[in-house]
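Below is query.cif, holding mmCIF, C-alpha atoms.
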data_query
#
loop_
_atom_site.group_PDB
_atom_site.id
_atom_site.type_symbol
_atom_site.label_atom_id
_atom_site.label_comp_id
_atom_site.auth_asym_id
_atom_site.auth_seq_id
_atom_site.Cartn_x
_atom_site.Cartn_y
_atom_site.Cartn_z
ATOM 1 C CA MET A 1 0.000 0.000 0.000
ATOM 2 C CA SER A 2 1.204 3.501 -0.810
ATOM 3 C CA ALA A 3 1.779 6.340 1.647
ATOM 4 C CA LEU A 4 -1.154 8.090 -0.035
ATOM 5 C CA THR A 5 -3.403 5.339 1.299
ATOM 6 C CA THR A 6 -1.800 4.577 4.664
ATOM 7 C CA ILE A 7 -1.466 8.247 5.635
ATOM 8 C CA GLY A 8 -4.019 10.028 3.453
ATOM 9 C CA LEU A 9 -7.050 7.876 4.305
ATOM 10 C CA PRO A 10 -6.766 8.194 8.111
ATOM 11 C CA VAL A 11 -6.097 11.941 7.727
ATOM 12 C CA ALA A 12 -9.170 12.354 5.504
ATOM 13 C CA LEU A 13 -11.310 10.366 7.955
ATOM 14 C CA GLY A 14 -9.909 12.406 10.865
ATOM 15 C CA ILE A 15 -10.869 15.668 9.150
ATOM 16 C CA ILE A 16 -14.357 14.318 8.410
ATOM 17 C CA MET A 17 -14.816 13.270 12.051
ATOM 18 C CA PHE A 18 -13.444 16.629 13.249
ATOM 19 C CA GLY A 19 -16.004 18.349 10.994
ATOM 20 C CA LEU A 20 -18.717 16.186 12.562
ATOM 21 C CA GLY A 21 -17.536 17.267 16.004
ATOM 22 C CA LEU A 22 -17.728 20.936 14.973
ATOM 23 C CA SER A 23 -21.447 20.455 14.328
ATOM 24 C CA LEU A 24 -22.201 18.595 17.588
ATOM 25 C CA THR A 25 -23.186 19.786 21.052
ATOM 26 C CA PRO A 26 -24.126 17.772 24.169
ATOM 27 C CA ALA A 27 -27.762 18.562 23.312
ATOM 28 C CA ASP A 28 -27.468 16.367 20.229
ATOM 29 C CA PHE A 29 -26.803 13.362 22.472
ATOM 30 C CA ALA A 30 -29.496 14.431 24.940
ATOM 31 C CA ARG A 31 -32.069 14.655 22.134
ATOM 32 C CA VAL A 32 -32.447 10.876 22.272
ATOM 33 C CA GLY A 33 -34.616 11.450 25.342
ATOM 34 C CA LYS A 34 -37.058 13.521 23.271
ATOM 35 C CA HIS A 35 -37.375 10.987 20.437
ATOM 36 C CA PRO A 36 -36.439 7.646 22.033
ATOM 37 C CA LYS A 37 -38.637 5.526 19.770
ATOM 38 C CA ALA A 38 -37.225 6.939 16.515
ATOM 39 C CA VAL A 39 -33.633 6.610 17.744
ATOM 40 C CA LEU A 40 -34.008 3.090 19.145
ATOM 41 C CA ILE A 41 -35.764 1.770 16.029
ATOM 42 C CA ALA A 42 -33.126 3.307 13.730
ATOM 43 C CA LEU A 43 -30.304 1.841 15.835
ATOM 44 C CA ALA A 44 -31.975 -1.590 15.877
ATOM 45 C CA CYS A 45 -32.223 -1.493 12.070
ATOM 46 C CA GLN A 46 -28.590 -0.368 11.775
ATOM 47 C CA LEU A 47 -27.057 -2.774 14.288
ATOM 48 C CA ILE A 48 -29.217 -5.897 13.925
ATOM 49 C CA LEU A 49 -31.252 -5.971 10.715
ATOM 50 C CA LEU A 50 -28.630 -4.695 8.275
ATOM 51 C CA PRO A 51 -25.797 -7.069 9.237
ATOM 52 C CA ALA A 52 -28.248 -10.001 9.067
ATOM 53 C CA ILE A 53 -29.506 -8.945 5.633
ATOM 54 C CA CYS A 54 -25.957 -8.328 4.426
ATOM 55 C CA PHE A 55 -24.945 -11.810 5.565
ATOM 56 C CA GLY A 56 -27.814 -13.256 3.538
ATOM 57 C CA LEU A 57 -26.803 -11.251 0.476
ATOM 58 C CA VAL A 58 -23.147 -12.336 0.501
ATOM 59 C CA VAL A 59 -24.298 -15.964 0.707
ATOM 60 C CA LEU A 60 -26.862 -15.420 -2.065
ATOM 61 C CA PHE A 61 -24.321 -13.706 -4.333
ATOM 62 C CA GLN A 62 -21.654 -16.292 -3.405
ATOM 63 C CA LEU A 63 -18.975 -13.677 -2.869
ATOM 64 C CA PRO A 64 -15.368 -14.762 -2.307
ATOM 65 C CA PRO A 65 -14.599 -14.831 1.455
ATOM 66 C CA ILE A 66 -12.456 -11.671 1.542
ATOM 67 C CA LEU A 67 -15.169 -9.657 -0.264
ATOM 68 C CA ALA A 68 -17.863 -11.178 1.977
ATOM 69 C CA VAL A 69 -16.000 -9.875 5.036
ATOM 70 C CA GLY A 70 -15.674 -6.494 3.302
ATOM 71 C CA MET A 71 -19.449 -6.332 2.858
ATOM 72 C CA ILE A 72 -20.074 -7.153 6.538
ATOM 73 C CA LEU A 73 -17.527 -4.499 7.514
ATOM 74 C CA LEU A 74 -19.448 -2.009 5.380
ATOM 75 C CA ALA A 75 -22.777 -3.038 6.925
ATOM 76 C CA ALA A 76 -21.299 -2.538 10.410
ATOM 77 C CA ALA A 77 -20.065 0.981 9.583
ATOM 78 C CA PRO A 78 -22.211 3.815 10.999
ATOM 79 C CA GLY A 79 -24.105 6.339 8.924
ATOM 80 C CA GLY A 80 -22.114 8.947 7.035
ATOM 81 C CA THR A 81 -22.350 12.714 7.523
ATOM 82 C CA THR A 82 -23.682 13.081 3.955
ATOM 83 C CA ALA A 83 -26.960 11.650 5.273
ATOM 84 C CA ASN A 84 -27.672 15.072 6.793
ATOM 85 C CA LEU A 85 -27.574 16.697 3.344
ATOM 86 C CA TYR A 86 -29.919 14.138 1.783
ATOM 87 C CA SER A 87 -32.268 14.398 4.750
ATOM 88 C CA HIS A 88 -32.369 18.181 4.305
ATOM 89 C CA LEU A 89 -33.036 17.863 0.562
ATOM 90 C CA PHE A 90 -35.966 15.491 1.085
ATOM 91 C CA ARG A 91 -37.570 17.103 4.136
ATOM 92 C CA GLY A 92 -36.206 14.822 6.790
ATOM 93 C CA ASP A 93 -35.635 15.697 10.436
ATOM 94 C CA VAL A 94 -32.010 16.861 10.162
ATOM 95 C CA ALA A 95 -31.686 17.332 13.935
ATOM 96 C CA LEU A 96 -32.525 13.642 14.346
ATOM 97 C CA ASN A 97 -29.887 12.813 11.711
ATOM 98 C CA VAL A 98 -27.263 14.659 13.733
ATOM 99 C CA THR A 99 -28.283 12.764 16.859
ATOM 100 C CA LEU A 100 -28.252 9.397 15.078
ATOM 101 C CA THR A 101 -24.845 10.083 13.502
ATOM 102 C CA ALA A 102 -23.393 11.092 16.871
ATOM 103 C CA ILE A 103 -24.737 8.084 18.772
ATOM 104 C CA ASN A 104 -24.136 5.597 15.959
ATOM 105 C CA SER A 105 -20.514 6.704 15.545
ATOM 106 C CA ILE A 106 -19.856 5.982 19.234
ATOM 107 C CA VAL A 107 -21.783 2.687 19.346
ATOM 108 C CA ALA A 108 -20.058 1.460 16.172
ATOM 109 C CA LEU A 109 -16.669 1.727 17.882
ATOM 110 C CA PHE A 110 -17.710 -1.369 19.843
ATOM 111 C CA THR A 111 -20.045 -3.187 17.439
ATOM 112 C CA LEU A 112 -17.935 -2.806 14.290
ATOM 113 C CA PRO A 113 -14.923 -4.817 15.573
ATOM 114 C CA LEU A 114 -17.282 -7.499 16.925
ATOM 115 C CA LEU A 115 -19.183 -7.930 13.644
ATOM 116 C CA THR A 116 -16.018 -7.795 11.531
ATOM 117 C CA ASN A 117 -14.256 -10.414 13.638
ATOM 118 C CA LEU A 118 -17.393 -12.588 13.546
ATOM 119 C CA ALA A 119 -17.441 -12.358 9.731
ATOM 120 C CA ILE A 120 -13.742 -13.260 9.571
ATOM 121 C CA SER A 121 -14.302 -16.287 11.826
ATOM 122 C CA ILE A 122 -17.110 -17.456 9.507
ATOM 123 C CA PHE A 123 -15.670 -16.698 6.068
ATOM 124 C CA LEU A 124 -11.902 -16.789 6.740
ATOM 125 C CA PRO A 125 -11.514 -19.224 9.649
ATOM 126 C CA ASN A 126 -7.958 -20.230 8.697
ATOM 127 C CA GLU A 127 -6.571 -16.689 8.449
ATOM 128 C CA GLU A 128 -4.794 -16.315 11.770
ATOM 129 C CA GLY A 129 -3.974 -12.767 12.803
ATOM 130 C CA LEU A 130 -6.496 -11.262 10.376
ATOM 131 C CA GLY A 131 -9.068 -9.156 12.168
ATOM 132 C CA ILE A 132 -9.454 -6.323 14.645
ATOM 133 C CA GLN A 133 -7.609 -7.252 17.819
ATOM 134 C CA PHE A 134 -7.687 -5.095 20.949
ATOM 135 C CA ASN A 135 -4.785 -2.854 19.918
ATOM 136 C CA LYS A 136 -6.337 -2.349 16.488
ATOM 137 C CA ALA A 137 -9.728 -1.604 18.070
ATOM 138 C CA VAL A 138 -8.008 1.090 20.146
ATOM 139 C CA GLU A 139 -6.537 2.478 16.919
ATOM 140 C CA VAL A 140 -10.021 2.693 15.370
ATOM 141 C CA PHE A 141 -11.297 4.293 18.592
ATOM 142 C CA LEU A 142 -8.606 6.981 18.406
ATOM 143 C CA ILE A 143 -9.070 7.639 14.669
ATOM 144 C CA VAL A 144 -12.803 8.206 15.123
ATOM 145 C CA LEU A 145 -13.412 9.476 18.647
ATOM 146 C CA VAL A 146 -10.483 11.861 19.209
ATOM 147 C CA PRO A 147 -11.297 14.127 16.203
ATOM 148 C CA ILE A 148 -14.986 14.197 17.210
ATOM 149 C CA VAL A 149 -14.110 15.229 20.773
ATOM 150 C CA LEU A 150 -11.659 17.879 19.511
ATOM 151 C CA GLY A 151 -14.320 19.275 17.176
ATOM 152 C CA MET A 152 -16.849 19.434 20.023
ATOM 153 C CA LEU A 153 -14.311 21.189 22.255
ATOM 154 C CA VAL A 154 -13.647 23.794 19.557
ATOM 155 C CA ARG A 155 -17.389 24.348 19.194
ATOM 156 C CA ARG A 156 -17.825 24.755 22.951
ATOM 157 C CA LEU A 157 -14.880 27.145 23.379
ATOM 158 C CA ALA A 158 -15.315 29.114 20.142
ATOM 159 C CA PRO A 159 -18.809 28.556 18.675
ATOM 160 C CA ALA A 160 -18.511 31.402 16.152
ATOM 161 C CA PHE A 161 -15.197 29.995 14.878
ATOM 162 C CA ALA A 162 -16.748 26.504 14.665
ATOM 163 C CA ASP A 163 -19.616 27.870 12.559
ATOM 164 C CA ARG A 164 -17.163 29.609 10.207
ATOM 165 C CA MET A 165 -14.984 26.515 9.899
ATOM 166 C CA ASP A 166 -17.807 24.039 9.339
ATOM 167 C CA LYS A 167 -18.083 24.522 5.571
ATOM 168 C CA PRO A 168 -14.315 24.851 4.833
ATOM 169 C CA VAL A 169 -13.596 21.682 6.836
ATOM 170 C CA ARG A 170 -16.290 19.777 4.934
ATOM 171 C CA ILE A 171 -14.910 20.966 1.592
ATOM 172 C CA ALA A 172 -11.316 20.183 2.573
ATOM 173 C CA SER A 173 -12.214 16.693 3.784
ATOM 174 C CA MET A 174 -14.088 15.919 0.551
ATOM 175 C CA ILE A 175 -11.189 17.154 -1.604
ATOM 176 C CA ILE A 176 -8.586 15.179 0.358
ATOM 177 C CA LEU A 177 -10.807 12.109 0.387
ATOM 178 C CA ALA A 178 -11.418 12.322 -3.373
ATOM 179 C CA ILE A 179 -7.678 12.642 -4.078
ATOM 180 C CA VAL A 180 -6.834 9.691 -1.836
ATOM 181 C CA ILE A 181 -9.585 7.419 -3.203
ATOM 182 C CA VAL A 182 -8.772 8.247 -6.843
ATOM 183 C CA GLY A 183 -5.091 7.622 -6.112
ATOM 184 C CA ALA A 184 -5.883 4.313 -4.411
ATOM 185 C CA LEU A 185 -8.115 3.223 -7.303
ATOM 186 C CA ILE A 186 -5.448 4.086 -9.873
ATOM 187 C CA SER A 187 -2.763 2.172 -7.985
ATOM 188 C CA ASN A 188 -5.116 -0.827 -7.615
ATOM 189 C CA ARG A 189 -7.039 -0.423 -10.858
ATOM 190 C CA GLU A 190 -6.689 -4.046 -11.978
ATOM 191 C CA LEU A 191 -8.074 -5.323 -8.684
ATOM 192 C CA PHE A 192 -10.879 -2.726 -8.822
ATOM 193 C CA PHE A 193 -11.990 -3.476 -12.395
ATOM 194 C CA ASP A 194 -11.729 -7.229 -11.828
ATOM 195 C CA ASN A 195 -14.292 -6.972 -9.021
ATOM 196 C CA ILE A 196 -16.595 -4.072 -9.918
ATOM 197 C CA GLY A 197 -18.906 -6.297 -11.974
ATOM 198 C CA ARG A 198 -19.164 -8.773 -9.116
ATOM 199 C CA LEU A 199 -19.816 -6.094 -6.497
ATOM 200 C CA ALA A 200 -22.009 -3.535 -8.298
ATOM 201 C CA GLY A 201 -25.186 -5.618 -8.049
ATOM 202 C CA ILE A 202 -24.876 -6.534 -4.378
ATOM 203 C CA THR A 203 -23.860 -3.022 -3.279
ATOM 204 C CA ILE A 204 -26.761 -1.386 -5.156
ATOM 205 C CA LEU A 205 -29.225 -3.931 -3.753
ATOM 206 C CA PHE A 206 -27.837 -3.562 -0.233
ATOM 207 C CA CYS A 207 -28.105 0.226 -0.434
ATOM 208 C CA ALA A 208 -31.692 0.052 -1.722
ATOM 209 C CA LEU A 209 -32.662 -2.395 1.026
ATOM 210 C CA SER A 210 -30.950 -0.251 3.676
ATOM 211 C CA LEU A 211 -32.881 2.844 2.602
ATOM 212 C CA THR A 212 -36.170 0.946 2.360
ATOM 213 C CA ILE A 213 -35.775 -0.656 5.789
ATOM 214 C CA GLY A 214 -34.672 2.663 7.256
ATOM 215 C CA PHE A 215 -37.887 4.330 6.081
ATOM 216 C CA PHE A 216 -40.614 1.699 6.303
ATOM 217 C CA VAL A 217 -39.681 -0.065 9.558
ATOM 218 C CA PRO A 218 -39.991 3.188 11.558
ATOM 219 C CA ARG A 219 -43.270 3.942 9.760
ATOM 220 C CA LEU A 220 -44.590 0.509 10.828
ATOM 221 C CA PHE A 221 -43.983 1.649 14.409
ATOM 222 C CA ARG A 222 -45.765 4.965 13.715
ATOM 223 C CA VAL A 223 -42.647 7.126 13.681
ATOM 224 C CA GLU A 224 -43.621 10.364 11.925
ATOM 225 C CA PRO A 225 -42.616 10.738 8.236
ATOM 226 C CA ARG A 226 -39.849 13.340 8.632
ATOM 227 C CA GLN A 227 -38.130 11.217 11.252
ATOM 228 C CA ALA A 228 -38.506 8.141 9.019
ATOM 229 C CA VAL A 229 -36.766 10.046 6.206
ATOM 230 C CA ALA A 230 -33.920 10.896 8.568
ATOM 231 C CA SER A 231 -33.690 7.254 9.599
ATOM 232 C CA ALA A 232 -33.683 6.057 5.970
ATOM 233 C CA PHE A 233 -30.726 8.191 4.925
ATOM 234 C CA GLU A 234 -28.835 7.571 8.152
ATOM 235 C CA ILE A 235 -29.115 3.820 7.629
ATOM 236 C CA GLY A 236 -28.712 3.842 3.842
ATOM 237 C CA ILE A 237 -25.708 6.162 3.573
ATOM 238 C CA HIS A 238 -22.945 4.297 5.370
ATOM 239 C CA ASN A 239 -19.609 5.791 6.356
ATOM 240 C CA ALA A 240 -17.781 3.994 3.545
ATOM 241 C CA THR A 241 -14.632 5.980 4.321
ATOM 242 C CA LEU A 242 -14.416 4.412 7.778
ATOM 243 C CA ALA A 243 -14.847 0.925 6.305
ATOM 244 C CA ILE A 244 -12.093 1.616 3.739
ATOM 245 C CA VAL A 245 -9.708 2.942 6.400
ATOM 246 C CA ILE A 246 -10.268 -0.081 8.651
ATOM 247 C CA ALA A 247 -9.869 -2.559 5.787
ATOM 248 C CA GLN A 248 -6.735 -0.980 4.313
ATOM 249 C CA THR A 249 -4.849 0.519 7.243
ATOM 250 C CA VAL A 250 -6.074 -1.424 10.294
ATOM 251 C CA ILE A 251 -6.578 -4.916 8.811
ATOM 252 C CA GLY A 252 -4.197 -4.378 5.879
ATOM 253 C CA SER A 253 -6.328 -5.656 2.993
ATOM 254 C CA VAL A 254 -7.000 -3.563 -0.104
ATOM 255 C CA GLU A 255 -9.303 -6.254 -1.483
ATOM 256 C CA MET A 256 -11.460 -6.164 1.651
ATOM 257 C CA SER A 257 -12.003 -2.424 1.102
ATOM 258 C CA LEU A 258 -13.453 -2.873 -2.419
ATOM 259 C CA PRO A 259 -17.125 -3.304 -1.365
ATOM 260 C CA ALA A 260 -16.973 -0.045 0.615
ATOM 261 C CA ALA A 261 -15.149 1.779 -2.215
ATOM 262 C CA ILE A 262 -17.775 0.755 -4.788
ATOM 263 C CA TYR A 263 -20.666 1.339 -2.372
ATOM 264 C CA GLY A 264 -19.257 4.770 -1.550
ATOM 265 C CA VAL A 265 -19.699 5.828 -5.169
ATOM 266 C CA LEU A 266 -22.987 4.125 -6.049
ATOM 267 C CA MET A 267 -24.887 4.950 -2.836
ATOM 268 C CA PHE A 268 -25.234 8.623 -3.759
ATOM 269 C CA PHE A 269 -27.177 7.794 -6.918
ATOM 270 C CA VAL A 270 -29.321 5.137 -5.217
ATOM 271 C CA ALA A 271 -30.086 7.504 -2.320
ATOM 272 C CA LEU A 272 -31.026 10.301 -4.724
ATOM 273 C CA ALA A 273 -33.437 8.032 -6.629
ATOM 274 C CA PHE A 274 -34.918 6.789 -3.336
ATOM 275 C CA GLY A 275 -35.413 10.365 -2.128
ATOM 276 C CA PHE A 276 -37.464 11.236 -5.206
ATOM 277 C CA LEU A 277 -39.512 8.043 -4.815
ATOM 278 C CA ILE A 278 -40.570 8.804 -1.235
ATOM 279 C CA ARG A 279 -40.867 12.580 -1.604
ATOM 280 C CA GLY A 280 -44.542 12.474 -2.601
ATOM 281 C CA ARG A 281 -45.363 9.988 0.144
ATOM 282 C CA VAL A 282 -43.724 12.183 2.787
ATOM 283 C CA ALA A 283 -45.534 15.307 1.570
ATOM 284 C CA LYS A 284 -48.845 13.431 1.712
ATOM 285 C CA GLU A 285 -48.350 11.904 5.171
ATOM 286 C CA ALA A 286 -46.549 14.740 6.968
ATOM 287 C CA PRO A 287 -48.532 17.331 8.956
ATOM 288 C CA PRO A 288 -49.404 20.469 6.913
ATOM 289 C CA ALA A 289 -46.900 22.646 8.796
ATOM 290 C CA THR A 290 -43.956 20.433 7.795
ATOM 291 C CA ALA A 291 -45.130 19.217 4.374
#
If you convert what's in this file into structure tokens, what do you get?
Amino acid sequence: MSALTTIGLPVALGIIMFGLGLSLTPADFARVGKHPKAVLIALACQLILLPAICFGLVVLFQLPPILAVGMILLAAAPGGTTANLYSHLFRGDVALNVTLTAINSIVALFTLPLLTNLAISIFLPNEEGLGIQFNKAVEVFLIVLVPIVLGMLVRRLAPAFADRMDKPVRIASMIILAIVIVGALISNRELFFDNIGRLAGITILFCALSLTIGFFVPRLFRVEPRQAVASAFEIGIHNATLAIVIAQTVIGSVEMSLPAAIYGVLMFFVALAFGFLIRGRVAKEAPPATA
């Protein structure tokens, strides 16, 4: 792996997590008390339903073991910050998105290593030393949590500065991330093109199922439409960057990162199409003041 990948990817993820911290306050974590049903249902979908469905898909599509583990790693990754933008575009409850992203990012620090190691034990039982051991879990914890905490501290000490920096940090993180991912794809282009046909179908289907579950399961439990939209995008737009960083720099497998890399590109188009599909339904079901 090149220095662009081993250094650039963690730096890009750190900037993204720092940007998330700049937008968070303790009230975002406390908001779970105001909407406990919406938060708990979304987390149950994210942590229980999605990994189970993903496991079924990798068996159905008969993926090679290393790619199967990569898909489970992706399914275990929390929602991405881009979910907030999609939720805003399609009249979701953006405040709930912020809360879900904050809580999910913390919870995933514990559930992601567990699910990834479980997948490795099932699909790659003879690969000793492959997985997320305690020291590697601490590394993931530091990569994700420290930038979030720093961002929150900056917001608490200098809220005006945090507001001014929010957009530049987002832009910088996207530019750095794009450069790193394009560089990684170019350096591993043969591996990428050899597997894109095999992975495009399962990643598109998984994204569509994630969005559908994220919207309709909360609605079954009478969660109001705008909160269901927030849940859909939070569950459907995974933090593919985190999955790529863990696969390539923590576990040390470029091939394992391919599902997340392909998902990270295709999910934006699937999410956009899904947003237009549910837009009319949300407008019809939402109260007049929010429609």
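Nearest-residue note for Arg219 of chain A: choosing from A:Leu266, A:Ala232, A:Ile244, A:Val11, the minimum distance belongs to A:Ala232, counting all atoms listed in the file.
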Running the PyMOL selection byres ((chain A and resi 217) around 12) on this model by hand, what would come out? Give it as a PDB file with C-alpha atoms, in the coordinates of the input.
ATOM      1  CA  LYS A  37     -38.637   5.526  19.770  1.00  0.00           C
ATOM      2  CA  ALA A  38     -37.225   6.939  16.515  1.00  0.00           C
ATOM      3  CA  LEU A  40     -34.008   3.090  19.145  1.00  0.00           C
ATOM      4  CA  ILE A  41     -35.764   1.770  16.029  1.00  0.00           C
ATOM      5  CA  ALA A  42     -33.126   3.307  13.730  1.00  0.00           C
ATOM      6  CA  LEU A  43     -30.304   1.841  15.835  1.00  0.00           C
ATOM      7  CA  ALA A  44     -31.975  -1.590  15.877  1.00  0.00           C
ATOM      8  CA  CYS A  45     -32.223  -1.493  12.070  1.00  0.00           C
ATOM      9  CA  GLN A  46     -28.590  -0.368  11.775  1.00  0.00           C
ATOM     10  CA  LEU A  49     -31.252  -5.971  10.715  1.00  0.00           C
ATOM     11  CA  LEU A 209     -32.662  -2.395   1.026  1.00  0.00           C
ATOM     12  CA  SER A 210     -30.950  -0.251   3.676  1.00  0.00           C
ATOM     13  CA  LEU A 211     -32.881   2.844   2.602  1.00  0.00           C
ATOM     14  CA  THR A 212     -36.170   0.946   2.360  1.00  0.00           C
ATOM     15  CA  ILE A 213     -35.775  -0.656   5.789  1.00  0.00           C
ATOM     16  CA  GLY A 214     -34.672   2.663   7.256  1.00  0.00           C
ATOM     17  CA  PHE A 215     -37.887   4.330   6.081  1.00  0.00           C
ATOM     18  CA  PHE A 216     -40.614   1.699   6.303  1.00  0.00           C
ATOM     19  CA  PRO A 218     -39.991   3.188  11.558  1.00  0.00           C
ATOM     20  CA  ARG A 219     -43.270   3.942   9.760  1.00  0.00           C
ATOM     21  CA  LEU A 220     -44.590   0.509  10.828  1.00  0.00           C
ATOM     22  CA  PHE A 221     -43.983   1.649  14.409  1.00  0.00           C
ATOM     23  CA  ARG A 222     -45.765   4.965  13.715  1.00  0.00           C
ATOM     24  CA  VAL A 223     -42.647   7.126  13.681  1.00  0.00           C
ATOM     25  CA  GLU A 224     -43.621  10.364  11.925  1.00  0.00           C
ATOM     26  CA  PRO A 225     -42.616  10.738   8.236  1.00  0.00           C
ATOM     27  CA  GLN A 227     -38.130  11.217  11.252  1.00  0.00           C
ATOM     28  CA  ALA A 228     -38.506   8.141   9.019  1.00  0.00           C
ATOM     29  CA  VAL A 229     -36.766  10.046   6.206  1.00  0.00           C
ATOM     30  CA  SER A 231     -33.690   7.254   9.599  1.00  0.00           C
ATOM     31  CA  ALA A 232     -33.683   6.057   5.970  1.00  0.00           C
ATOM     32  CA  ILE A 235     -29.115   3.820   7.629  1.00  0.00           C
TER      33      ILE A 235
END
Exercise. Neighbours of Ile175 of chain A within 12 Å (only C-alpha atoms; same-chain residues fewer than 3 positions away dropped), as a count of residues only?
Worked result: 17
Problem set entry | Among listed residues A:Gly56, A:Gly19, A:Pro113, A:Gly275, nearest Ser87 of chain A (using only C-alpha atoms) |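 Nearest to Ser87 of chain A: A:Gly275.
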For this session: Give me, please, the distance in Å between atom CA of Phe18 of chain A and atom CA of Ala137 of chain A, quoted to one decimal.
Result: 19.2 Å
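With atom CA of Ile246 of chain A on one side and atom CA of Gly201 of chain A on the other, the separation reads 23.1 Å.
Between Val154 of chain A and the candidates A:Asp166, A:Leu185, A:Pro10, A:Ala243, the tightest atom-to-atom separation, counting all atoms listed in the file, involves A:Asp166.
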Problem set entry | Between atom CA of Leu242 of chain A and atom CA of Ser173 of chain A, distance in Å (one decimal) | 13.1 Å
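Nearest to Leu20 of chain A of all the residues A:Gln248, A:Asn97, A:Thr116, A:Ser187 is A:Asn97, based on all atoms listed in the file.
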For segment 261-267 of chain A, take all atoms listed in the file, fit an axis-aligned box around them, add 3 Å to each of the six sides, then output centre and edge lengths in Å rounded to one decimal, as JSON.
{"center_x": -20.0, "center_y": 3.3, "center_z": -3.8, "size_x": 15.7, "size_y": 11.1, "size_z": 10.5}
Exercise. Of the candidates A:Leu112, A:Leu50, A:Ala260, A:Ile176, which shows the shortest atom-to-atom distance to Met71 of chain A, using all atoms listed in the file?
Worked result: A:Ala260
